[in-house]
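Colleague: So that you have it, the file is target.txt, and it contains compact mmCIF, C-alpha atoms:
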```txt
# COMPACT_ATOMS: atom_id res chain seq x y z
CA MET W 1 62.76 -198.05 -0.83
CA PHE W 2 59.83 -196.41 -2.39
CA LYS W 3 57.90 -193.82 -0.54
CA LYS W 4 54.30 -194.61 0.01
CA ALA W 5 51.96 -192.06 -1.64
CA LYS W 6 49.65 -190.41 0.84
CA LYS W 7 46.00 -190.73 0.16
CA PHE W 8 44.06 -187.44 0.35
CA ASP W 9 40.99 -187.95 2.46
CA LEU W 10 38.08 -185.52 2.54
CA ASN W 11 38.31 -184.59 6.13
CA PRO W 12 35.41 -182.76 7.89
CA LYS W 13 37.95 -180.29 9.27
CA PHE W 14 38.73 -179.32 5.68
CA PHE W 15 35.08 -178.46 5.04
CA LYS W 16 34.81 -176.44 8.22
CA PHE W 17 37.93 -174.44 7.56
CA PHE W 18 37.62 -173.65 3.83
CA LEU W 19 34.22 -174.35 2.35
CA ILE W 20 31.84 -172.90 4.97
CA PRO W 21 33.52 -169.43 5.13
CA ILE W 22 33.54 -169.22 1.32
CA VAL W 23 29.80 -169.89 1.16
CA LEU W 24 29.04 -167.41 3.96
CA VAL W 25 31.13 -164.63 2.41
CA SER W 26 29.78 -165.06 -1.13
CA THR W 27 26.06 -165.30 -0.22
CA PRO W 28 25.47 -161.49 0.12
CA LEU W 29 27.06 -160.97 -3.30
CA PHE W 30 24.28 -162.95 -5.01
CA ASN W 31 21.53 -161.08 -3.18
CA ASN W 32 21.76 -157.77 -5.12
CA ILE W 33 22.04 -159.05 -8.68
CA LYS W 34 18.68 -157.54 -9.73
CA ASP W 35 19.80 -154.03 -8.66
CA ALA W 36 22.42 -153.72 -11.40
CA LYS W 37 22.04 -150.47 -13.33
CA ALA W 38 22.61 -150.39 -17.05
CA GLY W 39 24.71 -147.69 -18.66
CA LEU W 40 22.34 -147.40 -21.62
CA GLU W 41 19.46 -145.03 -22.18
CA PHE W 42 16.70 -145.94 -24.63
CA GLN W 43 15.13 -143.20 -26.74
CA TRP W 44 12.05 -143.39 -28.92
CA ASP W 45 13.20 -140.78 -31.40
CA GLN W 46 16.81 -141.37 -32.48
CA ASN W 47 17.05 -138.55 -35.03
CA SER W 48 19.85 -136.00 -35.10
CA GLY W 49 17.64 -133.25 -33.60
CA TYR W 50 17.44 -135.11 -30.27
CA LYS W 51 19.56 -133.90 -27.37
CA ARG W 52 19.83 -135.86 -24.12
CA LEU W 53 19.68 -133.85 -20.90
CA LYS W 54 21.07 -134.98 -17.57
CA TRP W 55 18.64 -135.89 -14.79
CA PHE W 56 18.74 -137.50 -11.36
CA MET W 57 16.10 -139.07 -9.14
CA LYS W 58 16.37 -140.36 -5.61
CA GLU W 59 14.06 -143.41 -5.91
CA ASN W 60 13.11 -145.42 -9.02
CA LYS W 61 10.59 -147.86 -7.53
CA ARG W 62 6.85 -147.71 -8.20
CA ASN W 63 4.59 -145.75 -5.79
CA PHE W 64 7.55 -144.35 -3.83
CA ARG W 65 7.95 -140.69 -2.92
CA ASN W 66 10.57 -139.24 -5.18
CA LYS W 67 12.52 -136.10 -5.95
CA ILE W 68 13.46 -135.74 -9.64
CA TYR W 69 16.06 -133.20 -10.80
CA PHE W 70 16.02 -132.08 -14.47
CA PHE W 71 19.33 -130.31 -15.02
CA LEU W 72 20.12 -127.38 -17.30
CA ARG W 73 23.91 -127.37 -17.46
CA PRO W 74 25.92 -124.46 -18.92
CA TYR W 75 26.34 -126.05 -22.36
CA ASP W 76 22.62 -126.98 -22.52
CA ARG W 77 21.68 -123.31 -22.87
CA LYS W 78 23.33 -121.00 -25.38
CA THR W 79 21.84 -117.70 -24.18
CA GLY W 80 19.95 -116.40 -21.17
CA LEU W 81 16.46 -117.89 -20.71
CA LEU W 82 13.29 -115.91 -20.00
CA LYS W 83 10.96 -118.91 -19.73
CA ILE W 84 11.49 -122.66 -19.23
CA GLU W 85 8.93 -125.35 -20.08
CA LEU W 86 8.94 -128.99 -19.07
CA ALA W 87 6.58 -131.27 -21.00
CA ILE W 88 5.38 -134.12 -18.76
CA PRO W 89 4.23 -137.19 -20.72
CA LYS W 90 0.57 -138.16 -20.46
CA THR W 91 1.56 -141.69 -19.36
CA PHE W 92 3.13 -140.21 -16.18
CA LYS W 93 -0.15 -140.45 -14.28
CA ARG W 94 0.46 -138.65 -11.02
CA LYS W 95 -0.94 -135.47 -9.58
CA ILE W 96 1.54 -132.64 -9.83
CA GLU W 97 0.97 -129.38 -7.96
CA THR W 98 2.84 -126.09 -8.22
CA LYS W 99 3.84 -126.25 -4.54
CA ASN W 100 5.81 -129.45 -5.32
CA ILE W 101 7.82 -127.87 -8.14
CA SER W 102 10.84 -125.66 -7.62
CA PHE W 103 13.59 -124.10 -9.72
CA CYS W 104 17.04 -123.71 -8.21
CA LYS W 105 20.74 -123.25 -8.74
CA VAL W 106 22.12 -126.73 -8.19
CA LYS W 107 25.32 -128.54 -7.37
CA ILE W 108 25.32 -131.75 -9.38
CA GLY W 109 26.51 -134.63 -7.24
CA GLY W 110 28.80 -137.45 -8.15
CA PHE W 111 30.61 -140.29 -6.48
CA GLU W 112 31.56 -138.35 -3.35
CA ASN W 113 28.96 -135.54 -3.28
CA ARG W 114 25.18 -135.40 -3.16
CA THR W 115 23.01 -133.47 -5.57
CA LYS W 116 21.50 -130.50 -3.78
CA CYS W 117 19.94 -127.11 -4.43
CA LEU W 118 22.26 -124.26 -3.49
CA GLU W 119 19.83 -121.40 -3.98
CA ASP W 120 16.15 -121.24 -4.91
CA ILE W 121 15.48 -119.04 -7.92
CA PRO W 122 12.36 -116.91 -7.37
CA SER W 123 9.91 -117.66 -10.18
CA ASP W 124 6.27 -118.05 -11.12
CA ILE W 125 5.21 -121.62 -11.92
CA GLU W 126 2.16 -122.68 -13.94
CA ILE W 127 0.85 -126.10 -14.95
CA ASN W 128 -1.14 -126.22 -18.19
CA THR W 129 -2.98 -129.32 -19.39
CA GLU W 130 -3.59 -129.57 -23.12
CA GLU W 131 -6.43 -131.44 -24.81
CA SER W 132 -4.03 -134.24 -25.80
CA GLY W 133 -3.33 -134.96 -22.12
CA LEU W 134 0.19 -133.51 -22.22
CA ARG W 135 1.00 -131.35 -19.19
CA LEU W 136 3.34 -128.38 -19.49
CA VAL W 137 5.11 -126.94 -16.47
CA LYS W 138 5.95 -123.32 -17.29
CA ILE W 139 8.54 -121.54 -15.18
CA TYR W 140 8.93 -117.77 -15.40
CA PRO W 141 12.00 -116.65 -13.39
CA TYR W 142 11.85 -113.06 -12.10
CA ARG W 143 15.26 -112.43 -13.68
CA PRO W 144 16.52 -114.15 -16.86
CA ILE W 145 18.66 -117.24 -16.30
CA PRO W 146 22.16 -116.26 -17.49
CA SER W 147 24.30 -118.39 -19.78
CA ASN W 148 27.15 -118.65 -17.26
CA LYS W 149 29.00 -121.66 -15.85
CA GLU W 150 26.41 -122.51 -13.20
CA SER W 151 23.93 -125.38 -13.42
CA TYR W 152 20.21 -125.04 -12.74
CA ALA W 153 17.51 -127.65 -12.12
CA ILE W 154 13.76 -128.09 -12.19
CA VAL W 155 12.92 -130.16 -9.11
CA LEU W 156 9.72 -132.25 -8.98
CA LYS W 157 8.59 -133.76 -5.68
CA VAL W 158 6.16 -136.49 -6.76
CA VAL W 159 5.04 -140.02 -6.02
CA ASN W 160 6.23 -142.38 -8.75
CA PRO W 161 3.58 -143.81 -11.11
CA LYS W 162 1.99 -147.21 -10.52
CA LYS W 163 3.19 -148.56 -13.87
CA ARG W 164 6.75 -149.43 -14.70
CA GLY W 165 8.29 -147.97 -17.79
CA LEU W 166 10.25 -145.26 -19.51
CA TYR W 167 8.96 -141.70 -19.28
CA GLN W 168 10.38 -139.08 -21.63
CA PHE W 169 10.28 -135.44 -20.48
CA HIS W 170 11.04 -132.66 -23.00
CA SER W 171 12.49 -129.27 -22.05
CA TYR W 172 11.98 -126.00 -23.93
CA GLY W 173 13.34 -122.53 -23.26
CA GLN W 174 12.60 -119.05 -24.52
CA PRO W 175 15.91 -117.24 -25.15
CA GLN W 176 16.31 -113.52 -24.61
CA GLY W 177 15.28 -111.52 -27.67
CA GLN W 178 12.95 -114.20 -29.09
CA SER W 179 9.20 -114.65 -28.74
CA VAL W 180 8.98 -118.45 -29.08
CA SER W 181 10.43 -121.33 -27.07
CA THR W 182 13.09 -123.57 -28.58
CA TYR W 183 13.91 -127.21 -27.85
CA LEU W 184 16.60 -127.64 -25.17
CA GLY W 185 16.61 -131.44 -24.86
CA SER W 186 14.91 -134.53 -23.41
CA SER W 187 15.31 -136.64 -20.30
CA THR W 188 14.14 -140.26 -20.12
CA ILE W 189 13.57 -141.58 -16.60
CA VAL W 190 13.06 -145.24 -15.72
CA ILE W 191 10.56 -146.52 -13.13
CA ASP W 192 11.09 -150.15 -12.05
```
Rewrite the structure from the file as structure tokens, please.
Modeller:
Amino acid sequence: MFKKAKKFDLNPKFFKFFLIPIVLVSTPLFNNIKDAKAGLEFQWDQNSGYKRLKWFMKENKRNFRNKIYFFLRPYDRKTGLLKIELAIPKTFKRKIETKNISFCKVKIGGFENRTKCLEDIPSDIEINTEESGLRLVKIYPYRPIPSNKESYAIVLKVVNPKKRGLYQFHSYGQPQGQSVSTYLGSSTIVID
């Protein structure tokens, strides 16, 4: 008359077939949680005169060899530049030599491409240390950098600092026809 309701037993075959593969597949997903990158950039000075510049670095871990690109895109420079200065913060405690600094025409990478220098721009490079501990990298290209649609980059080959933190680099440029450098923008890099 009445059908007998089947009782659902927890069978070991059920665990083998469904539960074990789910655990094995999901385990690698939990391994890289700490590597999530935030889409925010913190700045100390949030006034209207601040301009954020694009940058890229290959490695953000402490004491690792690194290559840092500080980009000067077409809309970051209004006129041709005779001189470019990069102010390195005094908290970025690593030895920087002129042989490890270059200035080049760059192709900015993205999802499918890598960032790479297309052509080295011949230039003289100086490193000045001020009494306050601030280091200035001064780049004097042999020919003025034009205000065209090409991107340029200052490339630093350094070992990352021992301390974690945010390091804010400021860029200045001397336009053609002027005798003083003007503010181009700032880049804040993160060392984990």
Colleague: Tell me, as a PyMOL selection string, which residues lie within 12 Å of Lys116 in chain W, counting all atoms listed in the file; anything in the same chain fewer than 4 positions away does not count.
Modeller: chain W and resi 56-58+67-69+71+103-110+120+151-155
Colleague: Quick one: axis-aligned box around all listed atoms of range 86-92 of chain W, 5 Å on every side, centre and edge lengths in Å to one decimal, written as AutoDock Vina command-line options.
Modeller:
```
--center_x 4.8 --center_y -135.3 --center_z -18.6 --size_x 18.4 --size_y 22.7 --size_z 14.8
```
Colleague: Write out as a PyMOL selection string which residues come within 7 Å of range 165-182 of chain W when counting all atoms listed in the file, dropping same-chain ones fewer than 6 positions away.
Modeller: chain W and resi 79-89+92+188-192
Colleague: So which residues fall inside 6 Å of (25.8, -120.9, -23.5) if we count only C-alpha atoms? Mind giving them as a list in words?
Modeller: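 Checking each residue against the 6 Å limit leaves Pro74, Tyr75, Arg77, Lys78, Thr79 and Ser147 of chain W.
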Colleague: Using CA of Glu130 in chain W and CA of Ser187 in chain W as the two end points, give the distance in Å to one decimal.
Modeller: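 If I compute the distance from CA of Glu130 in chain W to CA of Ser187 in chain W, I get 20.4 Å.
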Colleague: Separation of CA of Gly185 in chain W and CA of Leu53 in chain W, in Å?
Modeller: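 Going from CA of Gly185 in chain W over to CA of Leu53 in chain W covers 5.6 Å.
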Colleague: Using only C-alpha atoms, which residue out of W:Leu184, W:Ile22, W:Leu156, W:Ile96 lies closest to Phe70 in chain W?
Modeller: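 Of all the options, W:Leu156 lies closest to Phe70 in chain W.
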